[in-house]
$ cat start-v2.cif   # mmCIF, C-alpha atoms
data_data
loop_
_atom_site.label_atom_id
_atom_site.label_comp_id
_atom_site.auth_asym_id
_atom_site.auth_seq_id
_atom_site.Cartn_x
_atom_site.Cartn_y
_atom_site.Cartn_z
CA MET A 1 0.00 0.00 0.00
CA ARG A 2 1.42 3.42 -0.94
CA ASP A 3 0.32 6.92 0.02
CA ILE A 4 -0.66 9.42 -2.68
CA GLY A 5 -0.44 12.73 -0.95
CA ALA A 6 -1.10 12.97 2.76
CA ASP A 7 -4.38 11.13 2.98
CA LEU A 8 -4.95 9.23 -0.26
CA LEU A 9 -4.44 5.48 -0.30
CA VAL A 10 -3.74 3.59 -3.50
CA TYR A 11 -5.04 0.21 -2.51
CA ASP A 12 -7.61 -0.68 0.09
CA PRO A 13 -9.22 -4.07 -0.65
CA LEU A 14 -12.48 -4.78 1.14
CA SER A 15 -14.39 -7.98 1.50
CA ASP A 16 -17.10 -6.63 3.81
CA SER A 17 -19.46 -3.84 2.77
CA SER A 18 -20.02 -2.97 6.45
CA GLN A 19 -16.47 -1.59 6.61
CA LEU A 20 -15.69 2.02 5.79
CA VAL A 21 -13.58 2.65 2.72
CA ARG A 22 -10.63 4.59 4.13
CA GLY A 23 -8.94 5.36 0.85
CA VAL A 24 -9.96 7.16 -2.31
CA ILE A 25 -9.27 4.22 -4.62
CA PHE A 26 -9.98 0.64 -3.55
CA GLY A 27 -9.66 -2.71 -5.27
CA PRO A 28 -9.34 -4.45 -7.61
CA ASN A 29 -12.46 -6.16 -6.30
CA ILE A 30 -14.88 -8.62 -7.85
CA SER A 31 -18.26 -7.01 -8.49
CA ARG A 32 -21.31 -9.20 -8.93
CA ARG A 33 -22.59 -6.98 -11.72
CA LEU A 34 -19.47 -5.79 -13.45
CA GLY A 35 -16.64 -8.27 -12.97
CA ARG A 36 -13.18 -7.06 -11.99
CA VAL A 37 -13.39 -3.41 -10.89
CA LEU A 38 -11.54 -0.54 -9.29
CA GLY A 39 -13.68 1.43 -6.85
CA LEU A 40 -13.58 5.20 -6.32
CA ASN A 41 -14.67 6.77 -3.03
CA ALA A 42 -15.01 10.52 -3.65
CA LEU A 43 -16.51 11.13 -0.20
CA PRO A 44 -14.16 12.43 2.51
CA PRO A 45 -11.98 9.41 3.42
CA GLY A 46 -13.04 7.48 6.49
CA ARG A 47 -16.51 9.07 6.71
CA ALA A 48 -19.91 7.73 5.65
CA ILE A 49 -22.13 10.46 4.22
CA CYS A 50 -25.48 9.86 2.55
CA THR A 51 -28.88 11.33 1.80
CA TYR A 52 -30.47 8.15 3.22
CA ARG A 53 -30.04 6.02 6.30
CA CYS A 54 -31.64 2.89 4.85
CA ALA A 55 -33.11 0.42 7.32
CA TYR A 56 -30.91 -2.36 5.93
CA CYS A 57 -27.67 -0.39 5.39
CA PRO A 58 -24.67 -1.96 7.17
CA LEU A 59 -23.22 1.54 7.67
CA ALA A 60 -26.42 3.05 9.11
CA SER A 61 -24.99 3.57 12.59
CA VAL A 62 -22.13 5.77 11.32
CA ILE A 63 -23.81 7.64 8.45
CA GLU A 64 -23.80 11.44 8.49
CA LEU A 65 -26.94 12.71 6.75
CA ALA A 66 -26.80 15.49 4.17
CA SER A 67 -28.95 16.71 1.31
CA SER A 68 -26.44 18.88 -0.58
CA PRO A 69 -22.65 19.17 -1.04
CA GLY A 70 -22.59 22.44 0.88
CA GLU A 71 -23.55 20.64 4.10
CA VAL A 72 -20.31 18.60 4.03
CA LYS A 73 -16.76 19.77 4.67
CA GLY A 74 -13.59 17.99 3.57
CA TRP A 75 -14.29 17.32 -0.11
CA LEU A 76 -11.20 16.51 -2.18
CA PRO A 77 -10.84 18.35 -5.50
CA ALA A 78 -11.83 16.30 -8.55
CA ALA A 79 -8.36 16.79 -10.03
CA ARG A 80 -6.84 15.15 -6.97
CA VAL A 81 -9.19 12.16 -7.09
CA VAL A 82 -8.43 11.66 -10.80
CA GLU A 83 -4.71 11.92 -10.06
CA ALA A 84 -5.09 9.24 -7.38
CA LEU A 85 -6.78 7.00 -9.95
CA MET A 86 -3.96 7.52 -12.46
CA ASP A 87 -1.32 6.79 -9.82
CA THR A 88 -3.17 3.62 -8.85
CA PHE A 89 -2.94 2.32 -12.41
CA GLU A 90 0.78 3.03 -12.37
CA VAL A 91 1.26 1.13 -9.10
CA LEU A 92 -1.01 -1.89 -9.53
CA GLY A 93 0.94 -3.63 -12.23
CA CYS A 94 -1.96 -6.00 -13.06
CA PRO A 95 -3.06 -6.77 -16.63
CA LEU A 96 -5.23 -3.73 -17.34
CA ASP A 97 -7.09 -5.46 -20.16
CA GLN A 98 -8.70 -7.62 -17.48
CA LEU A 99 -10.33 -4.65 -15.74
CA ASP A 100 -14.05 -4.49 -16.50
CA ALA A 101 -15.06 -1.21 -14.87
CA LEU A 102 -14.15 1.88 -12.87
CA VAL A 103 -16.90 2.26 -10.27
CA LEU A 104 -17.85 5.42 -8.37
CA ILE A 105 -19.49 4.24 -5.15
CA GLY A 106 -17.74 4.68 -1.76
CA ASN A 107 -19.18 5.28 1.71
CA GLY A 108 -22.65 6.65 1.04
CA GLU A 109 -24.13 8.64 -1.83
CA PRO A 110 -21.54 9.59 -4.49
CA THR A 111 -23.81 12.13 -6.21
CA LEU A 112 -23.33 14.41 -3.20
CA TYR A 113 -19.85 15.10 -4.59
CA PRO A 114 -19.78 18.80 -5.61
CA GLU A 115 -17.58 18.38 -8.73
CA LEU A 116 -19.41 15.30 -10.00
CA PRO A 117 -19.39 16.15 -13.75
CA GLU A 118 -15.66 16.91 -13.63
CA LEU A 119 -14.99 13.66 -11.77
CA VAL A 120 -16.97 11.40 -14.12
CA TYR A 121 -15.38 13.11 -17.12
CA GLY A 122 -11.95 12.56 -15.58
CA MET A 123 -12.73 8.89 -14.93
CA GLY A 124 -13.53 8.50 -18.61
CA LYS A 125 -10.25 10.08 -19.66
CA VAL A 126 -8.23 7.83 -17.33
CA ARG A 127 -10.17 4.80 -18.57
CA ASP A 128 -9.41 5.71 -22.19
CA LEU A 129 -5.71 5.93 -21.37
CA TYR A 130 -5.18 2.87 -19.17
CA ALA A 131 -8.11 0.45 -19.66
CA PRO A 132 -10.08 1.41 -22.79
CA GLU A 133 -12.34 -1.66 -22.64
CA ALA A 134 -13.55 -0.90 -19.11
CA LYS A 135 -16.87 0.79 -18.32
CA VAL A 136 -17.31 3.93 -16.25
CA ALA A 137 -20.01 3.01 -13.71
CA VAL A 138 -21.82 4.98 -11.01
CA PHE A 139 -24.00 3.67 -8.19
CA THR A 140 -26.63 6.06 -6.81
CA ASN A 141 -29.63 5.95 -4.48
CA SER A 142 -31.46 8.22 -7.01
CA SER A 143 -32.28 10.89 -4.41
CA LEU A 144 -30.49 13.79 -6.16
CA LEU A 145 -31.50 13.10 -9.76
CA GLY A 146 -33.44 16.36 -9.84
CA GLU A 147 -30.16 18.31 -9.85
CA SER A 148 -28.74 19.30 -13.23
CA ARG A 149 -25.12 18.65 -12.22
CA VAL A 150 -26.03 15.07 -11.25
CA LEU A 151 -27.86 14.37 -14.50
CA GLU A 152 -24.99 15.92 -16.49
CA ALA A 153 -22.49 13.65 -14.75
CA LEU A 154 -24.50 10.43 -14.95
CA SER A 155 -25.21 10.95 -18.64
CA MET A 156 -21.44 10.61 -19.21
CA ALA A 157 -21.33 7.18 -17.52
CA ASP A 158 -21.51 3.90 -19.40
CA TYR A 159 -23.43 2.12 -16.65
CA VAL A 160 -25.62 3.58 -13.87
CA VAL A 161 -27.11 1.50 -11.07
CA ALA A 162 -29.98 3.49 -9.51
CA LYS A 163 -31.81 2.42 -6.38
CA LEU A 164 -35.60 2.23 -6.33
CA ASP A 165 -36.89 0.36 -3.29
CA ALA A 166 -40.30 1.98 -3.02
CA VAL A 167 -42.85 3.85 -5.12
CA ASP A 168 -45.09 4.62 -2.14
CA ASP A 169 -44.26 7.59 0.10
CA GLU A 170 -44.85 5.74 3.37
CA LEU A 171 -42.69 2.80 2.29
CA TRP A 172 -39.98 5.12 0.96
CA VAL A 173 -39.70 6.88 4.30
CA ALA A 174 -39.81 3.63 6.28
CA LEU A 175 -37.27 1.72 4.20
CA ASN A 176 -34.86 4.40 2.96
CA ARG A 177 -35.21 6.94 5.79
CA PRO A 178 -34.45 9.99 3.64
CA TYR A 179 -32.89 13.13 5.11
CA HIS A 180 -35.45 15.87 5.77
CA GLY A 181 -33.90 18.31 3.26
CA LEU A 182 -34.49 16.08 0.23
CA PRO A 183 -37.15 16.55 -2.43
CA GLY A 184 -39.97 14.01 -2.30
CA LEU A 185 -40.43 10.65 -3.96
CA MET A 186 -42.16 12.17 -7.01
CA SER A 187 -39.04 14.23 -7.74
CA LEU A 188 -36.98 11.04 -7.58
CA LEU A 189 -39.26 9.25 -10.04
CA ARG A 190 -39.22 12.21 -12.45
CA GLY A 191 -35.44 12.26 -12.21
CA LEU A 192 -35.24 8.60 -13.19
CA LYS A 193 -37.26 9.31 -16.34
CA VAL A 194 -34.97 12.18 -17.30
CA LEU A 195 -31.92 10.02 -16.61
CA ARG A 196 -33.35 7.23 -18.77
CA LYS A 197 -33.65 9.62 -21.72
CA ALA A 198 -30.19 11.08 -21.15
CA LEU A 199 -28.54 7.66 -21.06
CA ASP A 200 -30.45 6.55 -24.15
CA GLY A 201 -29.01 9.49 -26.04
CA ALA A 202 -25.47 8.65 -24.90
CA ASP A 203 -25.65 4.83 -25.28
CA GLY A 204 -25.41 4.35 -21.51
CA GLU A 205 -27.09 1.56 -19.55
CA LEU A 206 -29.57 2.13 -16.72
CA VAL A 207 -29.97 -0.60 -14.12
CA ILE A 208 -32.66 -0.28 -11.45
CA SER A 209 -31.75 -2.01 -8.20
CA THR A 210 -34.51 -2.95 -5.76
CA THR A 211 -33.87 -4.45 -2.34
CA PHE A 212 -36.88 -6.35 -1.01
CA LEU A 213 -37.46 -6.84 2.71
CA GLU A 214 -40.02 -6.71 5.51
CA LEU A 215 -39.86 -4.47 8.55
CA ALA A 216 -41.06 -7.12 10.97
CA GLN A 217 -42.05 -4.85 13.86
CA GLU A 218 -44.02 -2.47 11.64
CA GLY A 219 -45.41 -5.34 9.56
CA ILE A 220 -44.75 -3.59 6.23
CA SER A 221 -42.93 -4.86 3.16
CA ASN A 222 -42.14 -3.58 -0.32
CA ALA A 223 -42.83 -7.10 -1.61
CA SER A 224 -46.55 -6.91 -0.87
CA GLU A 225 -48.82 -7.68 -3.80
CA GLY A 226 -50.11 -4.11 -4.06
CA HIS A 227 -46.68 -2.51 -3.99
CA LEU A 228 -45.27 -5.02 -6.47
CA ARG A 229 -48.03 -4.08 -8.92
CA ALA A 230 -47.31 -0.35 -8.50
CA LEU A 231 -43.55 -0.88 -8.81
CA ALA A 232 -44.00 -3.03 -11.91
CA ARG A 233 -46.12 -0.31 -13.58
CA ILE A 234 -43.48 2.34 -12.98
CA LEU A 235 -40.65 0.08 -14.14
CA SER A 236 -42.59 -0.80 -17.27
CA ASP A 237 -42.97 2.91 -18.05
CA LEU A 238 -39.33 3.64 -17.22
CA ALA A 239 -38.01 0.74 -19.36
CA PRO A 240 -34.55 0.34 -17.79
CA ASP A 241 -31.99 -1.87 -19.48
CA GLN A 242 -32.05 -4.22 -16.50
CA VAL A 243 -33.78 -4.61 -13.14
CA HIS A 244 -31.80 -6.24 -10.33
CA VAL A 245 -33.74 -7.58 -7.34
CA GLU A 246 -32.18 -8.72 -4.10
CA THR A 247 -32.77 -9.02 -0.38
CA PRO A 248 -30.28 -7.82 2.27
CA LEU A 249 -27.68 -9.94 4.01
CA LEU A 250 -28.39 -9.36 7.71
CA PRO A 251 -26.95 -10.60 11.00
CA PRO A 252 -29.01 -12.97 13.18
CA GLY A 253 -31.52 -11.19 15.39
CA SER A 254 -32.06 -8.28 13.02
CA PRO A 255 -35.53 -6.66 13.23
CA ILE A 256 -35.58 -6.70 9.43
CA ARG A 257 -36.75 -9.86 7.70
CA PRO A 258 -35.12 -10.60 4.35
CA LEU A 259 -37.27 -12.37 1.82
CA SER A 260 -37.07 -16.13 1.55
CA ARG A 261 -35.60 -17.54 -1.64
CA GLN A 262 -39.08 -18.43 -2.84
CA GLU A 263 -40.47 -14.94 -2.06
CA LEU A 264 -37.58 -13.24 -3.85
CA ALA A 265 -38.07 -15.43 -6.92
CA GLU A 266 -41.79 -14.62 -6.94
CA ALA A 267 -41.09 -10.88 -6.69
CA ALA A 268 -38.63 -11.10 -9.57
CA LEU A 269 -41.11 -13.03 -11.71
CA ALA A 270 -43.88 -10.50 -10.97
CA ILE A 271 -41.65 -7.66 -12.19
CA ALA A 272 -40.58 -9.70 -15.22
CA ASP A 273 -44.21 -10.00 -16.28
CA ALA A 274 -44.30 -6.20 -16.64
CA VAL A 275 -40.86 -5.32 -18.01
CA GLY A 276 -39.88 -8.54 -19.81
CA GLU A 277 -38.01 -11.52 -18.44
CA GLU A 278 -34.89 -10.68 -20.47
CA ARG A 279 -34.38 -7.58 -18.30
CA VAL A 280 -34.82 -8.95 -14.78
CA PHE A 281 -32.05 -10.56 -12.72
CA VAL A 282 -31.82 -11.84 -9.14
CA LEU A 283 -28.77 -11.03 -7.04
CA ALA A 284 -28.19 -13.49 -4.21
CA GLY A 285 -25.22 -13.20 -1.90
CA THR A 286 -22.01 -12.74 -3.85
CA THR A 287 -23.07 -14.72 -6.91
CA LEU A 288 -23.43 -13.29 -10.40
CA PRO A 289 -26.90 -11.99 -11.35
CA ILE A 290 -29.23 -14.89 -12.13
CA PRO A 291 -31.55 -14.28 -15.10
CA VAL A 292 -35.25 -14.68 -14.31
CA ARG A 293 -35.37 -16.65 -17.53
CA LEU A 294 -33.18 -19.26 -15.85
CA LEU A 295 -35.48 -19.42 -12.84
CA LYS A 296 -38.50 -19.97 -15.07
CA HIS A 297 -36.89 -22.91 -16.82
CA SER A 298 -35.50 -24.61 -13.76
CA LYS A 299 -36.96 -26.23 -10.67
CA TYR A 300 -34.12 -24.64 -8.73
CA LEU A 301 -35.28 -21.59 -6.78
CA GLY A 302 -32.61 -21.69 -4.06
CA LEU A 303 -30.69 -18.84 -5.69
CA GLU A 304 -27.51 -19.72 -3.81
CA ALA A 305 -25.02 -20.82 -6.43
CA ALA A 306 -22.87 -22.60 -3.87
CA LYS A 307 -25.70 -25.09 -3.38
CA VAL A 308 -26.14 -25.78 -7.08
CA ARG A 309 -24.21 -28.94 -7.84
CA VAL A 310 -23.70 -28.74 -11.59
CA ARG A 311 -20.68 -30.71 -12.80
CA LEU A 312 -19.08 -29.15 -15.84
CA PRO A 313 -18.15 -31.71 -18.50
CA GLU A 314 -14.42 -31.65 -19.25
CA PRO A 315 -14.76 -30.11 -22.77
CA THR A 316 -17.06 -27.38 -21.39
CA ARG A 317 -14.75 -26.69 -18.47
CA ALA A 318 -11.78 -26.33 -20.82
CA LEU A 319 -13.72 -24.07 -23.17
CA LEU A 320 -14.93 -21.69 -20.43
CA LEU A 321 -12.12 -21.80 -17.89
CA GLU A 322 -8.88 -22.45 -19.72
CA GLY A 323 -6.86 -20.97 -22.53
CA PRO A 324 -7.14 -17.72 -24.49
CA GLY A 325 -10.66 -16.43 -24.95
CA ALA A 326 -12.28 -18.39 -22.09
CA ARG A 327 -13.28 -15.21 -20.27
CA THR A 328 -14.79 -13.76 -23.45
CA ARG A 329 -16.81 -16.92 -24.09
CA VAL A 330 -18.28 -16.73 -20.58
CA LYS A 331 -19.26 -13.12 -21.23
CA ILE A 332 -20.97 -14.18 -24.46
CA LEU A 333 -22.95 -16.83 -22.60
CA GLU A 334 -23.98 -14.27 -19.98
CA ALA A 335 -25.13 -11.88 -22.70
CA LEU A 336 -27.11 -14.60 -24.50
CA SER A 337 -28.73 -15.71 -21.24
CA ALA A 338 -30.60 -12.39 -21.31
CA LYS A 339 -31.74 -12.42 -24.94
CA SER A 340 -31.02 -13.79 -28.40
CA MET A 341 -28.56 -11.72 -30.45
CA ASN A 342 -26.92 -11.67 -33.84
CA CYS A 343 -23.14 -11.56 -34.17
CA ASN A 344 -22.98 -7.75 -34.35
CA GLN A 345 -25.06 -7.44 -31.17
CA VAL A 346 -22.88 -9.99 -29.37
CA ALA A 347 -19.75 -8.11 -30.40
CA LYS A 348 -21.15 -4.83 -29.08
CA ALA A 349 -22.44 -6.35 -25.84
CA VAL A 350 -19.11 -7.96 -25.02
CA GLY A 351 -16.88 -5.23 -26.46
CA ILE A 352 -15.05 -7.22 -29.14
CA SER A 353 -14.77 -7.16 -32.93
CA TRP A 354 -17.24 -8.93 -35.23
CA TRP A 355 -14.55 -11.40 -36.34
CA THR A 356 -13.59 -12.24 -32.77
CA ALA A 357 -17.25 -12.71 -31.82
CA GLN A 358 -17.78 -15.00 -34.80
CA ARG A 359 -14.87 -17.24 -33.81
CA HIS A 360 -16.09 -17.57 -30.22
CA LEU A 361 -19.67 -18.21 -31.33
CA GLU A 362 -18.49 -21.04 -33.58
CA ARG A 363 -16.74 -22.71 -30.65
CA LEU A 364 -19.79 -22.33 -28.40
CA LEU A 365 -21.98 -23.79 -31.16
CA GLU A 366 -19.67 -26.80 -31.51
CA ALA A 367 -19.91 -27.38 -27.75
CA GLY A 368 -23.73 -27.25 -27.82
CA LEU A 369 -23.83 -24.30 -25.38
CA ILE A 370 -25.68 -22.09 -27.87
CA ARG A 371 -27.67 -22.67 -31.03
CA ALA A 372 -28.16 -20.66 -34.21
CA VAL A 373 -31.64 -19.63 -35.37
CA ALA A 374 -32.31 -18.28 -38.87
CA PHE A 375 -34.19 -14.98 -38.71
CA GLY A 376 -34.79 -13.65 -42.22
CA ARG A 377 -31.37 -12.92 -43.68
CA ARG A 378 -29.77 -12.83 -40.25
CA THR A 379 -28.68 -15.51 -37.83
CA LEU A 380 -29.59 -15.14 -34.17
CA TYR A 381 -27.79 -17.00 -31.40
CA THR A 382 -29.54 -18.20 -28.26
CA ILE A 383 -28.31 -20.07 -25.21
CA THR A 384 -29.24 -23.74 -24.79
CA SER A 385 -30.17 -25.59 -21.61
CA ALA A 386 -26.60 -26.94 -21.56
CA GLY A 387 -25.32 -23.38 -21.72
CA LEU A 388 -27.57 -22.31 -18.85
CA SER A 389 -26.40 -25.26 -16.78
CA ALA A 390 -22.78 -24.34 -17.53
CA LEU A 391 -23.38 -20.81 -16.26
CA MET A 392 -24.86 -22.16 -13.03
CA GLY A 393 -21.84 -24.40 -12.62
CA LEU A 394 -19.50 -21.43 -13.12
CA ARG A 395 -21.40 -19.42 -10.52
CA ALA A 396 -21.03 -22.27 -8.05
CA ARG A 397 -17.30 -22.39 -8.69
CA ALA A 398 -16.99 -18.60 -8.36
CA SER A 399 -18.78 -18.56 -5.00
CA GLU A 400 -16.54 -21.28 -3.57
CA ALA A 401 -13.16 -20.45 -5.08
CA PRO A 402 -10.69 -18.17 -3.28
CA GLY A 403 -9.73 -15.01 -5.08
CA PRO A 404 -9.81 -11.23 -4.90
CA PRO A 405 -12.17 -9.76 -2.29
CA THR A 406 -15.79 -9.30 -3.24
CA ARG A 407 -17.68 -6.10 -2.49
CA LEU A 408 -21.39 -6.26 -3.14
CA LEU A 409 -21.59 -3.84 -6.07
#
$ encode --input "start-v2.cif" --output "structure tokens"
Amino acid sequence: MRDIGADLLVYDPLSDSSQLVRGVIFGPNISRRLGRVLGLNALPPGRAICTYRCAYCPLASVIELASSPGEVKGWLPAARVVEALMDTFEVLGCPLDQLDALVLIGNGEPTLYPELPELVYGMGKVRDLYAPEAKVAVFTNSSLLGESRVLEALSMADYVVAKLDAVDDELWVALNRPYHGLPGLMSLLRGLKVLRKALDGADGELVISTTFLELAQEGISNASEGHLRALARILSDLAPDQVHVETPLLPPGSPIRPLSRQELAEAALAIADAVGEERVFVLAGTTLPIPVRLLKHSKYLGLEAAKVRVRLPEPTRALLLEGPGARTRVKILEALSAKSMNCNQVAKAVGISWWTAQRHLERLLEAGLIRAVAFGRRTLYTITSAGLSALMGLRARASEAPGPPTRLL
């Protein structure tokens, strides 16, 4: 670990999201959504500052509430954060072509950062220089989307994960516990619509993340039938690229009840009926997102990959785990688990050339993990049941194998 300046740390790996990030740059970590990532914490180091104090947040006891950048002292200039990111690349010495994303997240709500557009722009410039295949990603609780500087910044990102736990005012207050200076829920929902349009115009992806739970003492839940219907209507209108549903990981004795595996699957399927099953994924523990499509075609609803005992045949294991291109072939399978694509679409989704995509598709076809379907003059590729089983087997291996620390991004 090396200091950059007086209080900037190059490398601060975390395996527990209940710990404070005490550096500006942390990782590389393994993100459930994005793969191998470097995290950026633009909030004052060692402090947790947010617009919410969510009922299920592991940092709730130490969060300082704020509704605007002016309420917080100790911000680092954007130029200094970007410099820390550049120095980190110089120090790490890892193969930069294996980095999948630069992620702005940290201890709390990153959109509180006063120089947010300058920071996201700087992240993009550093990415272009050191890891041109990586995405620039931002995680937000959506509470400040009504601010022009926030929308300007997020429209420059490749991938935005926006929280939406509730579409009912009472539930929003109970679950997310917003700071009193924030605009209301309707402002948040309007902001999501504006963000959707901005990202569409810039070829960015919008992911809506919903955490389902029950407040046992109050007897209220955002997974109730009525709220699920209302949430599904809003998500259908918003049309995000993906919807990720999960339930919190909580210590024994918590007053919050996470959903059972069956309840979480049912919530995901209810949302999929409104927005399309190709867009909805379940996040369980530290495993990769599980497509609702996979749940619908399998009796397995446990959602814990470590309990799925799928033995990979030797040729499949070699194809997906060994040799050049194995990582790319796994990415192609993940992309095709969401929807059928032609070769051009696969190449764009995975970030490779048409010729490279074609070669990998041919190998996956030979292995029976995908199949080709004639569609007019085009050929579409779709994952087979063998391919879906292989993905489940890989998730089981990933959850059991030692490796870089995992932060639940």
$ closest_atom_pairs --input "start-v2.cif" --of "range 134-251 of chain A" --to "range 61-68 of chain A" --cutoff "8 Å" --atoms "all atoms listed in the file" --output "Markdown table"
| residue | atom | partner | partner_atom | distance |
| --- | --- | --- | --- | --- |
| A:Tyr179 | CA | A:Leu65 | CA | 6.2 |
| A:His180 | CA | A:Ser67 | CA | 7.9 |
| A:Gly181 | CA | A:Ser67 | CA | 5.6 |
| A:Leu182 | CA | A:Ser67 | CA | 5.7 |
$ atom_distance --input "start-v2.cif" --atom1 "CA of Val292 in chain A" --atom2 "CA of Leu312 in chain A"
21.8 Å
$ resolve_selection --input "start-v2.cif" --expression "the PyMOL selection byres ((chain A and resi 217) around 10)" --output "PyMOL selection string"
chain A and resi 214-216+218-220+255-257
$ atom_distance --input "start-v2.cif" --atom1 "CA of Ile383 in chain A" --atom2 "CA of Asp203 in chain A"
25.0 Å
$ axis_aligned_box --input "start-v2.cif" --around "range 195-210 of chain A" --padding-each-side "8 Å" --output "AutoDock Vina command-line options"
--center_x -30.0 --center_y 4.1 --center_z -15.9 --size_x 25.1 --size_y 30.0 --size_z 36.3
$ residues_around --input "start-v2.cif" --residues "range 189-196 of chain A" --least-positions-apart "4" --cutoff "7 Å" --atoms "only C-alpha atoms" --output "NGL selection string"
:A and (145-146 or 151 or 185 or 200 or 206 or 238)
$ resolve_selection --input "start-v2.cif" --expression "the PyMOL selection byres ((chain A and resi 152) around 12)" --output "mmCIF file with C-alpha atoms, keeping the file's coordinate frame"
data_model
loop_
_atom_site.group_PDB
_atom_site.id
_atom_site.type_symbol
_atom_site.label_atom_id
_atom_site.label_comp_id
_atom_site.auth_asym_id
_atom_site.auth_seq_id
_atom_site.Cartn_x
_atom_site.Cartn_y
_atom_site.Cartn_z
ATOM 1 C CA THR A 111 -23.810 12.130 -6.210
ATOM 2 C CA GLU A 115 -17.580 18.380 -8.730
ATOM 3 C CA LEU A 116 -19.410 15.300 -10.000
ATOM 4 C CA PRO A 117 -19.390 16.150 -13.750
ATOM 5 C CA GLU A 118 -15.660 16.910 -13.630
ATOM 6 C CA LEU A 119 -14.990 13.660 -11.770
ATOM 7 C CA VAL A 120 -16.970 11.400 -14.120
ATOM 8 C CA TYR A 121 -15.380 13.110 -17.120
ATOM 9 C CA LEU A 144 -30.490 13.790 -6.160
ATOM 10 C CA LEU A 145 -31.500 13.100 -9.760
ATOM 11 C CA GLY A 146 -33.440 16.360 -9.840
ATOM 12 C CA GLU A 147 -30.160 18.310 -9.850
ATOM 13 C CA SER A 148 -28.740 19.300 -13.230
ATOM 14 C CA ARG A 149 -25.120 18.650 -12.220
ATOM 15 C CA VAL A 150 -26.030 15.070 -11.250
ATOM 16 C CA LEU A 151 -27.860 14.370 -14.500
ATOM 17 C CA ALA A 153 -22.490 13.650 -14.750
ATOM 18 C CA LEU A 154 -24.500 10.430 -14.950
ATOM 19 C CA SER A 155 -25.210 10.950 -18.640
ATOM 20 C CA MET A 156 -21.440 10.610 -19.210
ATOM 21 C CA ALA A 157 -21.330 7.180 -17.520
ATOM 22 C CA GLY A 191 -35.440 12.260 -12.210
ATOM 23 C CA VAL A 194 -34.970 12.180 -17.300
ATOM 24 C CA LEU A 195 -31.920 10.020 -16.610
ATOM 25 C CA LYS A 197 -33.650 9.620 -21.720
ATOM 26 C CA ALA A 198 -30.190 11.080 -21.150
ATOM 27 C CA LEU A 199 -28.540 7.660 -21.060
ATOM 28 C CA ALA A 202 -25.470 8.650 -24.900
#
$ build_atoms --input "start-v2.cif" --residues "range 153-165 of chain A" --atoms "N, CA and C atoms" --output "PDB file, in the frame of the given file"
ATOM      1  N   ALA A 153     -23.563  14.607 -15.036  1.00  0.00           N
ATOM      2  CA  ALA A 153     -22.490  13.650 -14.750  1.00  0.00           C
ATOM      3  C   ALA A 153     -22.900  12.228 -15.121  1.00  0.00           C
ATOM      4  N   LEU A 154     -24.084  11.812 -14.715  1.00  0.00           N
ATOM      5  CA  LEU A 154     -24.500  10.430 -14.950  1.00  0.00           C
ATOM      6  C   LEU A 154     -24.701  10.148 -16.431  1.00  0.00           C
ATOM      7  N   SER A 155     -25.038  11.162 -17.206  1.00  0.00           N
ATOM      8  CA  SER A 155     -25.210  10.950 -18.640  1.00  0.00           C
ATOM      9  C   SER A 155     -23.885  10.654 -19.331  1.00  0.00           C
ATOM     10  N   MET A 156     -22.756  10.935 -18.653  1.00  0.00           N
ATOM     11  CA  MET A 156     -21.440  10.610 -19.210  1.00  0.00           C
ATOM     12  C   MET A 156     -20.988   9.201 -18.844  1.00  0.00           C
ATOM     13  N   ALA A 157     -21.711   8.521 -17.959  1.00  0.00           N
ATOM     14  CA  ALA A 157     -21.330   7.180 -17.520  1.00  0.00           C
ATOM     15  C   ALA A 157     -21.805   6.133 -18.526  1.00  0.00           C
ATOM     16  N   ASP A 158     -21.108   5.011 -18.542  1.00  0.00           N
ATOM     17  CA  ASP A 158     -21.510   3.900 -19.400  1.00  0.00           C
ATOM     18  C   ASP A 158     -22.576   3.033 -18.725  1.00  0.00           C
ATOM     19  N   TYR A 159     -22.610   3.074 -17.388  1.00  0.00           N
ATOM     20  CA  TYR A 159     -23.430   2.120 -16.650  1.00  0.00           C
ATOM     21  C   TYR A 159     -23.821   2.773 -15.321  1.00  0.00           C
ATOM     22  N   VAL A 160     -25.112   2.962 -15.098  1.00  0.00           N
ATOM     23  CA  VAL A 160     -25.620   3.580 -13.870  1.00  0.00           C
ATOM     24  C   VAL A 160     -26.542   2.603 -13.163  1.00  0.00           C
ATOM     25  N   VAL A 161     -26.233   2.318 -11.904  1.00  0.00           N
ATOM     26  CA  VAL A 161     -27.110   1.500 -11.070  1.00  0.00           C
ATOM     27  C   VAL A 161     -27.841   2.449 -10.121  1.00  0.00           C
ATOM     28  N   ALA A 162     -29.167   2.553 -10.277  1.00  0.00           N
ATOM     29  CA  ALA A 162     -29.980   3.490  -9.510  1.00  0.00           C
ATOM     30  C   ALA A 162     -30.939   2.729  -8.604  1.00  0.00           C
ATOM     31  N   LYS A 163     -30.941   3.085  -7.341  1.00  0.00           N
ATOM     32  CA  LYS A 163     -31.810   2.420  -6.380  1.00  0.00           C
ATOM     33  C   LYS A 163     -33.253   2.879  -6.528  1.00  0.00           C
ATOM     34  N   LEU A 164     -34.171   1.928  -6.431  1.00  0.00           N
ATOM     35  CA  LEU A 164     -35.600   2.230  -6.330  1.00  0.00           C
ATOM     36  C   LEU A 164     -36.244   1.128  -5.514  1.00  0.00           C
ATOM     37  N   ASP A 165     -36.329   1.362  -4.203  1.00  0.00           N
ATOM     38  CA  ASP A 165     -36.890   0.360  -3.290  1.00  0.00           C
ATOM     39  C   ASP A 165     -38.386   0.518  -3.110  1.00  0.00           C
TER      40      ASP A 165
END
